[in-house]
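Q: Pasting in a structure now, in structure tokens, and then I'll have a few things to ask.
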Amino acid sequence: MFEIVDKKVLNSSVTSLTIKAPFIAKKAKAGQFLIVKADETGERIPLTISDFDSSAGTVTIVIQAVGFTTKKLVRMNCGDYLADVAGPLGLPTEFGNPKKAIIIGGGVGCAIAYPQAKTLHNMGVDVTVIAGFRSKDIVILEDEMKKVSNNLYITTDDGSYGEKGLVTDVLKRLLNKGGYDLVIAIGPVIMMKFVALTTKPYSVKTIVSLNPIMIDGTGMCGGCRVNVGGETKFACVDGPDFDGHLVDFDELMRRNTLFREEEAHACRLEETNNG
Amino acid sequence: MADMTPQKTKMPEQEPQIRNKNFEEVALGYTKEMAIKEAGRCLNCKNKPCVSGCPVNVRIPDFIACVAKGDFEEAYNIITATNALPAVCGRVCPQENQCEGKCIRGIKGESVGIGRLERFVADYHREHGKAAEVNIKPNGKKVAVVGAGPAGLTCAGDLARKGYDVTVFEAFHTAGGVLIYGIPEFRLPKSVVAAEVENLKNLGVKVMTDMVIGKVLTLDEIKDMGFEAIFVGSGAGLPMFMGIEGENALGVYSANEFLTRINLMKAYKDEYDTPIKKIKKVAVVGGGNVAMDAARCAKRLGADVHIVYRRSEDEMPARSEEIHHAKEEGINFEFLTNPTRILYDENFRVKGIECISMRLGEPDAGGRRRPEKIAGSEHILDVDSVIMAIGTRPNPLLLKATPDIKTNERGCIIVSDGMETSKDGVYAGGDAVSGAATVISAMGAGKHAAATIDEKLKATE
């Protein structure tokens with residue numbers, strides 16, 4: 001059992017939970033993920049570690065309530081216990097030795113982009129963050145991202161905050177200026193796809209963090225298989241970070257639709273049960 | 001004088017057309033009377049060939065003699081003196097190749113139903129027996145076991161009985177390994193596995209779940225925690241795929257994924273959150289016990305099931321009992337058939353599997369006749385799902401984090417006769433060493449390693 005020791009509501013659908021998990025906190029590195037199971041009858045879902053504190057023995061995950069289990073998780077409170085938390089899984093991000101990096105977060109992906117930016121910032125790298133959101137009311141972690149970056153650009157689809165447009169608009173402008181040697185993108189698959197397409201002509205190393213369907217997170221089920229450079233990889237053990245120029249994003253998007261009907265069904269049931 | 005009836009006492013079973021719609025156990029188990037009658041068939045031979053056929057050397061004629069007398073508790077004590085998981089073994093051991101395969105009664109007629117009797121004794125004890133008094137003198141030495149599957153649990157049980165302070169680290173949220181995630185409820189009820197794990201806990205074994213060793217702790221860190229020896233029984237959990245076109249389409253699963261959703265996560269029960277797709281028609285590729293398990297699970301979910309196997313029935317590695325049960329339950333077998341590609345629709349969902357017919361050629365190195373393609377015989381089986389049950393390999397996760405453990409070209413851990421790995425103080429056994437094999441051979445390996453660990457640690461006193 002793993003106690004929830006802190007809960008922060010970041011916006012109407014995004015919540016962060018900090019969990020007491022001393023063994024995991026001691027080993028966690030940026031880019032790794034956890035498998036979380038809320039209760040006895042719950043499903044196992046992968047969630048990227050957004051922060052960790054080895055001295056306090058805690059790890060933090062950020063959850064967007066989009067499906068049955070994520071809605072269940074955000075309803076939990078401080079003092080509640082998660083039945084199971086396993087990790088840290090996957091390989092840590094390999095940053096290399098960049099000089100000037102662009103970190104791109106899309107929506108809830110900013111919760112993972114933030115610690116990446118923080119790590120690079122602490123390494124002394126010149127960090128630019130581009131954070132994209134649908135609209136002003138769902139902007140998260142603005143102050144935090146500002147603190148760990150030399151430049152922060154916020155874009156919104158509707159122009160209600162920051163710059164109107166897509167993260168790739170800003171990205172293109174920056175790449176045209178030149179000097180960047182690393183791009184990390186974390187967010188919706190479609191965003192990561194277009195980031196990778198944008199950076200390709202500039203030959204800038206581009207890391208994406210994938211979050212496919214998986215059960216065990218240890219290489220056992222094969223549900224998370226992704227096509228990278230024509231080879232089938234398991235995101236749980238070979239990733240979750242991959243070279244964005246090699247990932248078959250279209251296949252990944254299609255694979256992530258596997259349980260769409262079941263998920264819609266479960267969520268409707270839940271709404272009925274909750275009146 | 002032994003009962004000379006040539007056939008085994010029949011095992012009561014659920015009717016095939018009823019059981020193929022539920023997940024309840026297929027074989028219902030002997031009654032007391034049936035067990036006593038079957039025990040009467042044992043000749044109590046002097047040279048006990050059955051015992052030599054058992055990887056954990058259960059004193060078979062002795063326990064059967066107790067059953068014949070109606071002393072089921074004593075029978076239980078005899079079995080558990082060498083076998084930590086009798087209720088499991090009685091159900092899933094391939095007895096026909098082991099104890100029963102060596103039984104003299106099998107020469108003219110059927111062997112004694114040793115597995116059925118073992119199961120009876122274990123079940124009788126679970127339902128009627130008292131928890132044995134634990135009278136173990138702790139020796140103050142700590143041993144760690146990685147993986148709570150059959151190898152690890154057996155090793156842990158044997159060491160705990162000798163007084164060791166044993167901690168088992170399990171990656172999943174439930175102990176049992178393949179007994180929990182792989183073998184379905186209708187062959188091995190999960191409550192039976194849980195009870196066997198409870199028995200070990202009563203011996204003082206500690207089980208820590210959610211511990212992915214190699215990630216959360218390295219073996220060296222475990223040593224630093226004061227463990228004097230480590231047994232690695234991490235299994236063969238990495239699924240293989242064929243590498244054919246369309247294999248990443250929606251509706252293609254590894255048998256591991258399909259079985260884990262059903263057995264570990266209980267996706268077939270409404271009150272559990274894990275989803276599983278409704279499947280109408282499925283091809284299960286492979287001919288082993290895992291293929292049979294996946295096929296029979298799919299049948300119970302309401303699917304029309306076709307097992308696609310590239311050789312003929314005679315070469316099938318599955319137990320004949322499993323093939324027989326699968327056939328009874330209405331599963332179709334496409335022998336001498338091998339997939340060539342998987343077809344999918346515009347939404348990337350499986351809509352068929354293209355197969356090619358095969359014929360058997362010359363025997364290969366293993367003695368099985370090699371299947372050869374019949375040119376131009378490609379044909380399509382309309383299915384909406386494909387389950388790949390073509391084998392598994394040892395999971396490299398722990399070994400990647402432990403480069404000083406030597407492995408062979410198949411990724412299996414190399415061990416000495418005493419189950420020692422190339423890393424000091426680390427032992428290994430089960431599927432992680434042998435590649436995918438049986439529950440009982442993994443248990444035999446766990447037992448063997450426990451004996452070596454005991455010897456070594458005693459020597460260092």
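Labels used: A, B, ... for chains in the order of the structure tokens, numbers from 1 for residues in each chain, and numbers from 1 for ligands as shown.
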Which residues come within 12 Å of Arg75 (chain A), counting only C-alpha atoms, excluding same-chain residues fewer than 5 positions away, as a tab-separated table (two decimals) with N, CA and C atoms, in the first residue's frame?

A:
```tsv
chain	number	residue	atom	x	y	z
A	4	ILE	N	-0.86	8.43	-0.30
A	4	ILE	CA	-0.83	9.71	-1.00
A	4	ILE	C	-0.56	10.78	0.06
A	7	LYS	N	-1.64	16.31	-2.65
A	7	LYS	CA	-2.49	16.35	-3.85
A	7	LYS	C	-2.62	17.81	-4.26
A	8	LYS	N	-2.39	18.08	-5.53
A	8	LYS	CA	-2.57	19.45	-6.04
A	8	LYS	C	-3.44	19.39	-7.27
A	9	VAL	N	-4.48	20.21	-7.29
A	9	VAL	CA	-5.31	20.29	-8.48
A	9	VAL	C	-4.71	21.37	-9.37
A	13	SER	N	-8.95	19.39	-15.03
A	13	SER	CA	-8.85	17.94	-15.29
A	13	SER	C	-7.48	17.35	-14.95
A	14	VAL	N	-6.55	18.19	-14.50
A	14	VAL	CA	-5.20	17.69	-14.22
A	14	VAL	C	-4.86	17.83	-12.73
A	15	THR	N	-4.42	16.73	-12.14
A	15	THR	CA	-4.13	16.69	-10.71
A	15	THR	C	-2.78	16.03	-10.50
A	16	SER	N	-2.02	16.53	-9.53
A	16	SER	CA	-0.78	15.83	-9.21
A	16	SER	C	-0.92	15.14	-7.85
A	17	LEU	N	-0.40	13.94	-7.78
A	17	LEU	CA	-0.42	13.17	-6.53
A	17	LEU	C	1.02	12.84	-6.16
A	38	ALA	N	-4.88	1.45	-8.59
A	38	ALA	CA	-5.52	2.24	-7.53
A	38	ALA	C	-6.01	1.37	-6.38
A	63	ILE	N	-1.78	13.46	-13.33
A	63	ILE	CA	-2.81	12.66	-13.98
A	63	ILE	C	-3.85	13.56	-14.64
A	64	GLN	N	-4.11	13.28	-15.90
A	64	GLN	CA	-5.22	13.95	-16.56
A	64	GLN	C	-6.41	12.99	-16.54
A	65	ALA	N	-7.51	13.44	-15.97
A	65	ALA	CA	-8.67	12.57	-15.83
A	65	ALA	C	-9.39	12.46	-17.16
A	68	PHE	N	-11.52	5.92	-17.23
A	68	PHE	CA	-12.09	5.37	-16.01
A	68	PHE	C	-11.10	5.40	-14.85
A	69	THR	N	-9.89	4.86	-15.10
A	69	THR	CA	-8.92	4.75	-14.01
A	69	THR	C	-8.34	6.10	-13.62
A	70	THR	N	-8.07	6.96	-14.61
A	70	THR	CA	-7.51	8.27	-14.26
A	70	THR	C	-8.54	9.08	-13.46
A	80	ASP	N	-5.20	8.76	1.58
A	80	ASP	CA	-5.67	7.53	0.93
A	80	ASP	C	-4.45	6.71	0.48
A	81	TYR	N	-4.70	5.44	0.24
A	81	TYR	CA	-3.62	4.55	-0.18
A	81	TYR	C	-3.88	3.98	-1.57
A	82	LEU	N	-2.86	4.00	-2.40
A	82	LEU	CA	-2.92	3.30	-3.69
A	82	LEU	C	-2.53	1.85	-3.40
```

Q: Which residues of chain A are close to chain B, meaning at most 8 Å apart when you count only C-alpha atoms, and how do they look as a count of residues only?

A: 31

Q: Env of Ser160 (chain A): 10 Å cut, atoms = only C-alpha atoms, seq-sep filter 6 positions within chain, self excluded. Answer as a PyMOL selection string.

A: chain A and resi 133-137

Q: DSSP on the backbone: what in region 192-241 of chain A comes out strand (DSSP E or B), as a ChimeraX atom specification?

A: /A:206-209,225-228,231-234,241

Q: When distances are computed from only C-alpha atoms, which of B:Ile279, B:Ile331, B:Ala326, B:Leu200 shows the smallest separation from Val26 (chain B)?

A: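 Using only C-alpha atoms, Val26 (chain B) sits closest to B:Ala326.
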
Q: Quick one: distance from CA of Gly124 (chain A) to CA of Thr93 (chain A) in Å, one decimal?

A: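 Distance between the two atoms: 16.6 Å.
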
Q: So that I can see what lies close to Val183 (chain A), please list as a PyMOL selection string the residues with an atom at most 7 Å from it, counting only C-alpha atoms and leaving out residues fewer than 2 positions away in the same chain.

A: chain A and resi 101-103+185+204-207

Q: Would you work out the distance separating CA of Met1 (chain A) from CA of Ala83 (chain A), expressed in Å to one decimal?

A: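 For CA of Met1 (chain A) relative to CA of Ala83 (chain A), the distance reads 4.8 Å.
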
Q: Using DSSP on the backbone coordinates, identify the residues of region 42-78 of chain B assigned to helix (DSSP H, G or I); present them as a ChimeraX atom specification.

A: /B:49-52,60-69,72-78

Q: Between A:Lys233, A:Lys71, A:Lys200, A:Lys29, which residue has the minimum interatomic distance to Ile112 (chain A), considering only C-alpha atoms?

A: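 Result for the nearest residue to Ile112 (chain A): A:Lys29.
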
Q: What's the 8 Å shell around Pro6 (chain B), counting only C-alpha atoms, without same-chain residues fewer than 4 positions away, as a ChimeraX atom specification?

A: /B:105,108-110

Q: Write the residues of the preceding selection, restricted to N, CA and C atoms, as an mmCIF file, in the first residue's frame.

A:
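The result, written out as selection.cif:
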```
data_model
loop_
_atom_site.group_PDB
_atom_site.id
_atom_site.type_symbol
_atom_site.label_atom_id
_atom_site.label_comp_id
_atom_site.auth_asym_id
_atom_site.auth_seq_id
_atom_site.Cartn_x
_atom_site.Cartn_y
_atom_site.Cartn_z
ATOM 1 N N ARG B 105 1.928 -50.028 -13.483
ATOM 2 C CA ARG B 105 0.551 -50.282 -13.892
ATOM 3 C C ARG B 105 0.282 -49.763 -15.311
ATOM 4 N N LYS B 108 0.364 -52.418 -18.602
ATOM 5 C CA LYS B 108 -0.873 -53.087 -19.048
ATOM 6 C C LYS B 108 -2.032 -52.285 -18.506
ATOM 7 N N GLY B 109 -2.446 -51.288 -19.224
ATOM 8 C CA GLY B 109 -3.552 -50.464 -18.736
ATOM 9 C C GLY B 109 -3.067 -49.077 -18.354
ATOM 10 N N GLU B 110 -3.846 -48.397 -17.513
ATOM 11 C CA GLU B 110 -3.488 -47.029 -17.136
ATOM 12 C C GLU B 110 -2.693 -47.026 -15.845
#
```

Q: Write out as a PyMOL selection string the residues lying within 8 Å of Ile49 (chain A), counting only C-alpha atoms and excluding same-chain residues fewer than 4 positions away.

A: chain A and resi 28+30-34+59-62+112

Q: Would you output that residue set with N, CA and C atoms, as a CSV table (one decimal), in the first residue's frame?

A:
```
chain,number,residue,atom,x,y,z
A,28,ALA,N,14.6,6.7,-8.8
A,28,ALA,CA,13.9,7.3,-9.9
A,28,ALA,C,14.9,8.3,-10.6
A,30,ALA,N,14.8,11.1,-14.3
A,30,ALA,CA,13.9,11.8,-15.2
A,30,ALA,C,13.7,10.9,-16.4
A,31,GLY,N,12.4,10.8,-16.8
A,31,GLY,CA,12.1,10.0,-18.0
A,31,GLY,C,11.5,8.7,-17.7
A,32,GLN,N,11.6,8.2,-16.4
A,32,GLN,CA,11.1,6.9,-16.1
A,32,GLN,C,9.6,7.0,-15.7
A,33,PHE,N,9.0,5.8,-15.6
A,33,PHE,CA,7.6,5.8,-15.3
A,33,PHE,C,7.2,4.8,-14.2
A,34,LEU,N,6.0,4.9,-13.7
A,34,LEU,CA,5.5,3.9,-12.7
A,34,LEU,C,4.3,3.2,-13.3
A,59,VAL,N,7.4,10.1,-4.6
A,59,VAL,CA,7.4,10.3,-6.1
A,59,VAL,C,6.1,11.0,-6.5
A,60,THR,N,6.2,11.8,-7.5
A,60,THR,CA,5.0,12.6,-7.9
A,60,THR,C,4.5,12.2,-9.3
A,61,ILE,N,3.2,12.0,-9.5
A,61,ILE,CA,2.7,11.7,-10.8
A,61,ILE,C,1.6,12.8,-11.1
A,62,VAL,N,1.5,13.1,-12.4
A,62,VAL,CA,0.5,14.1,-12.8
A,62,VAL,C,-0.5,13.3,-13.7
A,112,ILE,N,5.6,16.5,-17.4
A,112,ILE,CA,6.8,15.7,-17.6
A,112,ILE,C,7.9,16.5,-18.3
```

Q: What lies within 8 Å of Met292 (chain B) using only C-alpha atoms, ignoring chain neighbours under 3 positions off, as an MDAnalysis selection string?

A: chainID B and resid 287:289 295:296 318 322:323 326

Q: Ranking A:Thr58, A:Gly165, A:Thr48, A:Ile19 by minimum distance to Gly90 (chain A) and counting only C-alpha atoms, which one comes first?

A: A:Thr48

Q: Could you state the separation of CA of Val58 (chain B) and CA of Thr82 (chain B) in Å, given to one decimal place?

A: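 Interatomic distance here is 5.7 Å.
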